[in-house]
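Enquirer: Below is structure24.cif; it holds mmCIF, C-alpha atoms.
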data_target
#
loop_
_atom_site.label_atom_id
_atom_site.label_comp_id
_atom_site.auth_asym_id
_atom_site.auth_seq_id
_atom_site.Cartn_x
_atom_site.Cartn_y
_atom_site.Cartn_z
CA MET A 1 0.96 -5.81 -17.41
CA ILE A 2 -2.68 -6.14 -18.42
CA ALA A 3 -4.99 -9.00 -17.41
CA GLU A 4 -8.29 -8.90 -19.30
CA ASP A 5 -10.14 -11.80 -20.92
CA SER A 6 -11.65 -9.60 -23.65
CA VAL A 7 -9.03 -9.49 -26.41
CA LEU A 8 -10.48 -6.28 -27.86
CA LEU A 9 -10.37 -4.43 -24.54
CA ARG A 10 -6.91 -5.80 -23.74
CA GLU A 11 -5.57 -4.59 -27.05
CA GLY A 12 -7.32 -1.26 -26.61
CA LEU A 13 -5.72 -0.75 -23.20
CA THR A 14 -2.34 -1.67 -24.65
CA GLN A 15 -2.69 0.99 -27.33
CA ILE A 16 -3.87 3.62 -24.86
CA VAL A 17 -0.94 3.25 -22.48
CA GLY A 18 1.45 3.02 -25.42
CA ARG A 19 0.28 6.40 -26.68
CA PHE A 20 1.39 7.93 -23.40
CA GLY A 21 4.85 6.41 -23.47
CA HIS A 22 4.28 3.29 -21.38
CA GLU A 23 5.12 -0.25 -22.45
CA VAL A 24 2.93 -3.30 -21.81
CA CYS A 25 5.31 -6.17 -21.03
CA ALA A 26 2.57 -8.83 -21.16
CA GLY A 27 -1.14 -9.22 -21.81
CA VAL A 28 -2.96 -12.23 -20.36
CA GLY A 29 -6.51 -13.58 -20.40
CA ASN A 30 -6.97 -15.32 -17.05
CA ALA A 31 -5.90 -15.12 -13.41
CA THR A 32 -3.52 -18.07 -13.54
CA GLU A 33 -1.64 -16.58 -16.47
CA LEU A 34 -1.49 -13.28 -14.57
CA LEU A 35 0.29 -14.84 -11.59
CA HIS A 36 2.82 -16.60 -13.82
CA ALA A 37 3.41 -13.52 -15.98
CA VAL A 38 4.10 -11.27 -12.98
CA ALA A 39 6.69 -13.75 -11.71
CA ALA A 40 8.32 -13.83 -15.14
CA HIS A 41 8.27 -10.11 -16.00
CA GLU A 42 8.28 -8.22 -12.64
CA PRO A 43 6.11 -5.37 -14.01
CA ASP A 44 5.91 -1.85 -12.59
CA LEU A 45 2.09 -2.00 -12.61
CA VAL A 46 -0.63 -4.62 -12.94
CA VAL A 47 -4.01 -3.71 -14.46
CA THR A 48 -6.57 -6.48 -14.03
CA ASP A 49 -10.27 -7.11 -14.50
CA VAL A 50 -12.19 -8.33 -11.44
CA ARG A 51 -14.03 -11.12 -13.25
CA MET A 52 -11.73 -13.51 -15.06
CA PRO A 53 -11.90 -17.08 -16.43
CA PRO A 54 -12.58 -19.80 -15.58
CA GLY A 55 -15.38 -18.82 -13.18
CA LEU A 56 -15.91 -15.19 -14.27
CA ARG A 57 -16.58 -14.20 -10.65
CA ASP A 58 -13.75 -12.48 -8.77
CA GLU A 59 -10.70 -14.43 -9.95
CA GLY A 60 -8.91 -11.29 -11.10
CA LEU A 61 -9.39 -9.58 -7.77
CA ARG A 62 -8.22 -12.66 -5.86
CA ALA A 63 -5.11 -12.81 -8.03
CA ALA A 64 -4.48 -9.12 -7.35
CA LEU A 65 -4.79 -9.68 -3.59
CA GLU A 66 -2.43 -12.66 -3.80
CA LEU A 67 0.10 -10.58 -5.70
CA ARG A 68 -0.13 -7.78 -3.15
CA ALA A 69 0.40 -10.26 -0.32
CA GLU A 70 3.55 -11.56 -2.02
CA ARG A 71 4.73 -8.19 -3.32
CA PRO A 72 3.31 -5.39 -1.11
CA ALA A 73 5.03 -2.71 -3.19
CA LEU A 74 3.54 -3.87 -6.52
CA PRO A 75 1.09 -1.23 -7.80
CA VAL A 76 -2.25 -2.74 -8.83
CA LEU A 77 -5.22 -1.16 -10.61
CA VAL A 78 -8.42 -3.24 -10.68
CA LEU A 79 -11.10 -2.67 -13.31
CA SER A 80 -14.73 -3.60 -12.69
CA GLN A 81 -17.92 -3.52 -14.72
CA TYR A 82 -20.03 -2.70 -11.66
CA VAL A 83 -19.72 -0.80 -8.37
CA GLU A 84 -18.63 -3.28 -5.69
CA ASN A 85 -17.47 -1.39 -2.61
CA SER A 86 -16.44 -4.65 -0.90
CA TYR A 87 -13.88 -5.20 -3.68
CA ALA A 88 -12.56 -1.67 -3.27
CA SER A 89 -12.30 -2.14 0.49
CA GLU A 90 -10.35 -5.40 0.18
CA LEU A 91 -7.93 -3.83 -2.24
CA LEU A 92 -7.43 -0.67 -0.19
CA ALA A 93 -6.68 -2.74 2.89
CA THR A 94 -3.48 -3.97 1.19
CA GLY A 95 -1.87 -0.51 1.47
CA ASP A 96 -0.67 2.20 -0.91
CA GLY A 97 -0.33 1.98 -4.67
CA VAL A 98 -3.75 0.56 -5.51
CA GLY A 99 -6.74 1.65 -7.56
CA TYR A 100 -10.31 0.58 -8.30
CA LEU A 101 -11.96 1.95 -11.43
CA LEU A 102 -15.08 1.17 -13.40
CA LYS A 103 -14.42 0.07 -16.97
CA ASP A 104 -16.37 3.06 -18.26
CA ARG A 105 -13.47 5.20 -17.02
CA VAL A 106 -11.20 3.65 -19.67
CA GLY A 107 -13.06 5.65 -22.31
CA GLN A 108 -11.95 8.85 -20.60
CA VAL A 109 -8.38 8.30 -21.72
CA THR A 110 -6.63 11.18 -19.97
CA GLU A 111 -8.31 10.41 -16.64
CA PHE A 112 -7.50 6.72 -17.00
CA VAL A 113 -3.81 7.28 -17.70
CA ASP A 114 -3.65 9.82 -14.88
CA ALA A 115 -5.07 7.16 -12.54
CA LEU A 116 -2.43 4.66 -13.73
CA GLU A 117 0.36 7.12 -13.04
CA ARG A 118 -0.98 8.02 -9.59
CA VAL A 119 -1.15 4.34 -8.61
CA VAL A 120 2.40 3.73 -9.84
CA ALA A 121 3.51 6.73 -7.77
CA GLY A 122 2.06 5.09 -4.66
CA GLY A 123 -1.30 6.82 -4.62
CA THR A 124 -4.75 5.40 -3.98
CA VAL A 125 -7.43 5.86 -6.63
CA ILE A 126 -11.14 5.07 -6.24
CA ASP A 127 -13.60 5.63 -9.07
CA PRO A 128 -15.66 8.82 -8.57
CA GLU A 129 -18.85 6.87 -9.32
CA VAL A 130 -18.11 4.56 -6.37
CA VAL A 131 -17.67 7.63 -4.20
CA ARG A 132 -20.93 9.18 -5.39
CA ARG A 133 -22.94 6.03 -4.73
CA LEU A 134 -21.49 5.61 -1.28
CA LEU A 135 -22.42 9.19 -0.44
CA ALA A 136 -26.05 8.25 -1.03
CA ARG A 137 -25.91 5.24 1.33
CA GLN A 138 -25.47 6.57 4.82
CA ARG A 139 -26.15 4.53 7.90
CA ALA A 140 -27.69 6.21 10.93
CA ASP A 141 -24.81 5.01 13.15
CA SER A 142 -22.00 5.93 10.76
CA PRO A 143 -18.91 7.54 12.36
CA LEU A 144 -18.92 9.83 9.36
CA ASP A 145 -21.86 11.65 10.96
CA ARG A 146 -19.22 13.55 12.94
CA LEU A 147 -17.90 15.20 9.79
CA THR A 148 -19.00 18.57 8.48
CA ALA A 149 -20.26 18.97 4.92
CA ARG A 150 -16.89 20.37 3.82
CA GLU A 151 -15.01 17.54 5.53
CA ARG A 152 -17.18 15.05 3.64
CA GLU A 153 -16.21 16.75 0.37
CA VAL A 154 -12.55 16.52 1.33
CA LEU A 155 -12.88 12.84 2.29
CA ALA A 156 -14.66 12.09 -0.99
CA ALA A 157 -11.77 13.71 -2.87
CA MET A 158 -9.31 11.68 -0.78
CA ALA A 159 -11.18 8.54 -1.81
CA GLU A 160 -10.64 9.50 -5.45
CA GLY A 161 -6.90 9.55 -4.77
CA ARG A 162 -6.38 13.31 -4.91
CA SER A 163 -3.43 14.93 -3.14
CA ASN A 164 -3.94 17.90 -0.80
CA GLY A 165 -3.04 20.21 -3.68
CA GLY A 166 -5.48 18.44 -5.99
CA ILE A 167 -8.25 18.69 -3.40
CA ALA A 168 -7.54 22.39 -2.93
CA ARG A 169 -7.86 23.04 -6.66
CA ALA A 170 -11.04 20.96 -6.96
CA LEU A 171 -12.76 22.67 -4.03
CA VAL A 172 -11.28 26.12 -4.72
CA VAL A 173 -9.77 26.50 -1.25
CA SER A 174 -6.24 26.93 0.04
CA GLU A 175 -4.01 23.91 0.55
CA ALA A 176 -3.58 24.99 4.19
CA ALA A 177 -7.37 24.72 4.61
CA VAL A 178 -7.30 21.22 3.14
CA VAL A 179 -4.54 20.17 5.56
CA LYS A 180 -6.69 21.45 8.43
CA HIS A 181 -9.73 19.53 7.19
CA VAL A 182 -7.73 16.32 6.73
CA ARG A 183 -6.41 16.55 10.30
CA SER A 184 -9.93 17.09 11.58
CA ILE A 185 -11.25 14.11 9.57
CA LEU A 186 -8.57 11.79 10.93
CA THR A 187 -9.26 12.95 14.48
CA LYS A 188 -13.04 12.55 14.17
CA LEU A 189 -12.63 9.06 12.71
CA ASP A 190 -10.43 8.10 15.70
CA LEU A 191 -7.31 7.56 13.61
CA PRO A 192 -4.41 8.73 15.79
CA PRO A 193 -0.83 8.81 14.42
CA ALA A 194 0.58 5.31 13.94
CA PRO A 195 3.94 4.28 12.41
CA ASP A 196 2.60 1.30 10.44
CA ASP A 197 -0.72 2.60 9.12
CA HIS A 198 -1.44 5.03 6.32
CA ARG A 199 -4.15 7.09 7.97
CA ARG A 200 -5.52 8.52 4.74
CA VAL A 201 -6.12 4.99 3.47
CA LEU A 202 -7.74 4.02 6.78
CA ALA A 203 -10.02 7.04 6.53
CA VAL A 204 -11.05 6.04 3.02
CA LEU A 205 -11.66 2.49 4.23
CA ALA A 206 -13.96 3.87 6.91
CA TYR A 207 -15.72 5.80 4.16
CA LEU A 208 -16.16 2.72 1.98
CA ARG A 209 -17.41 0.53 4.83
CA ARG A 210 -20.11 2.87 6.08
#
Show me this structure written as structure tokens.
Expert:
Amino acid sequence: MIAEDSVLLREGLTQIVGRFGHEVCAGVGNATELLHAVAAHEPDLVVTDVRMPPGLRDEGLRAALELRAERPALPVLVLSQYVENSYASELLATGDGVGYLLKDRVGQVTEFVDALERVVAGGTVIDPEVVRRLLARQRADSPLDRLTAREREVLAAMAEGRSNGGIARALVVSEAAVVKHVRSILTKLDLPPAPDDHRRVLAVLAYLRR
């Protein structure tokens, strides 16, 4: 399901996902219609803009958060025109199967569809541009100061939603080395094993909030 007030972009997204074998069960133009359409169609994935009518502020995001509260297993991918790490943090806090991408990413069709499929599979996807900007904004008292340069690279890749195998290929290291780095990151960020928390998501949240 696609929620986007721009008819041209909505139709463009519909064509893109259709080319890769996916069906759009409904396309809507505002947050209220989104909530009703999800109840009626029970989609496998919701793609929504952050800013939606009538206020064109964060209605789309609020609708996405409401849907996740009602249906925690519903995959949601939020599209934004600008980098807003607070939006990404709120969405990530709802659990697995979420994504936050800039609209520019839609033009990179293969990457966009790959992000859709990772979110549907239960992954977490954060736009690389968000990650890059956050890397440049470090606070002096950040807990991320404990991480080595390589661990920061691994955490940045985690924030983009990459698996251990994907991180290994991107950084040209062994998957065993990535597993070791991930364990070290979780330890340094004081994220001990817990049955109800996804520690990779918590680590990314710590990254976004720094």
Enquirer: Do you know which residues the PyMOL selection byres ((chain A and resi 188) around 10) returns on this file, as a PyMOL selection string?
Expert: chain A and resi 143-147+182-187+189-192+203
Enquirer: Evaluating the PyMOL selection byres ((chain A and resi 121-131) around 6) on the displayed file yields which residues, as a list of chain:residue names?
Expert: A:Val83, A:Asp96, A:Gly97, A:Val98, A:Gly99, A:Tyr100, A:Leu101, A:Arg118, A:Val119, A:Val120, A:Arg132, A:Arg133, A:Leu134, A:Ala159, A:Glu160, A:Gly161
Enquirer: Taking C-alpha atoms for each residue, export the selection above as an mmCIF file, in the coordinates of the input.
Expert:
data_model
loop_
_atom_site.group_PDB
_atom_site.id
_atom_site.type_symbol
_atom_site.label_atom_id
_atom_site.label_comp_id
_atom_site.auth_asym_id
_atom_site.auth_seq_id
_atom_site.Cartn_x
_atom_site.Cartn_y
_atom_site.Cartn_z
ATOM 1 C CA VAL A 83 -19.720 -0.800 -8.370
ATOM 2 C CA ASP A 96 -0.670 2.200 -0.910
ATOM 3 C CA GLY A 97 -0.330 1.980 -4.670
ATOM 4 C CA VAL A 98 -3.750 0.560 -5.510
ATOM 5 C CA GLY A 99 -6.740 1.650 -7.560
ATOM 6 C CA TYR A 100 -10.310 0.580 -8.300
ATOM 7 C CA LEU A 101 -11.960 1.950 -11.430
ATOM 8 C CA ARG A 118 -0.980 8.020 -9.590
ATOM 9 C CA VAL A 119 -1.150 4.340 -8.610
ATOM 10 C CA VAL A 120 2.400 3.730 -9.840
ATOM 11 C CA ARG A 132 -20.930 9.180 -5.390
ATOM 12 C CA ARG A 133 -22.940 6.030 -4.730
ATOM 13 C CA LEU A 134 -21.490 5.610 -1.280
ATOM 14 C CA ALA A 159 -11.180 8.540 -1.810
ATOM 15 C CA GLU A 160 -10.640 9.500 -5.450
ATOM 16 C CA GLY A 161 -6.900 9.550 -4.770
#
Enquirer: So what do you get for CA of Asp114 in chain A versus CA of Tyr82 in chain A, distance-wise?
Expert: 20.9 Å
Enquirer: For the provided coordinates, the residues matched by the PyMOL selection byres ((chain A and resi 104) around 10) should be stated as a PDB file with C-alpha atoms, in the coordinates of the input.
Expert:
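Output below, filename part-v8.pdb:
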ATOM      1  CA  LEU A  79     -11.100  -2.670 -13.310  1.00  0.00           C
ATOM      2  CA  SER A  80     -14.730  -3.600 -12.690  1.00  0.00           C
ATOM      3  CA  GLN A  81     -17.920  -3.520 -14.720  1.00  0.00           C
ATOM      4  CA  TYR A  82     -20.030  -2.700 -11.660  1.00  0.00           C
ATOM      5  CA  LEU A 101     -11.960   1.950 -11.430  1.00  0.00           C
ATOM      6  CA  LEU A 102     -15.080   1.170 -13.400  1.00  0.00           C
ATOM      7  CA  LYS A 103     -14.420   0.070 -16.970  1.00  0.00           C
ATOM      8  CA  ARG A 105     -13.470   5.200 -17.020  1.00  0.00           C
ATOM      9  CA  VAL A 106     -11.200   3.650 -19.670  1.00  0.00           C
ATOM     10  CA  GLY A 107     -13.060   5.650 -22.310  1.00  0.00           C
ATOM     11  CA  GLN A 108     -11.950   8.850 -20.600  1.00  0.00           C
ATOM     12  CA  PHE A 112      -7.500   6.720 -17.000  1.00  0.00           C
ATOM     13  CA  ASP A 127     -13.600   5.630  -9.070  1.00  0.00           C
TER      14      ASP A 127
END
Enquirer: Per residue of range 96-157 of chain A within 9 Å of range 164-174 of chain A, what are the shortest atom pair and its distance in Å to one decimal, counting all atoms listed in the file, with rows by chain and residue number, as a Markdown table?
Expert:
| residue | atom | partner | partner_atom | distance |
| --- | --- | --- | --- | --- |
| A:Glu153 | CA | A:Leu171 | CA | 8.1 |
| A:Val154 | CA | A:Ile167 | CA | 6.8 |
| A:Ala157 | CA | A:Ile167 | CA | 6.1 |
Enquirer: Could you tell me how far CA of Ala37 in chain A sits from CA of Arg71 in chain A, in Å to one decimal place?
Expert: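 These two atoms are separated by 13.8 Å.
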Enquirer: Rounded to one decimal, what separation in Å do you get between CA of Leu13 in chain A and CA of Glu117 in chain A?
Expert: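 One can read the CA of Leu13 in chain A to CA of Glu117 in chain A distance as 14.2 Å.
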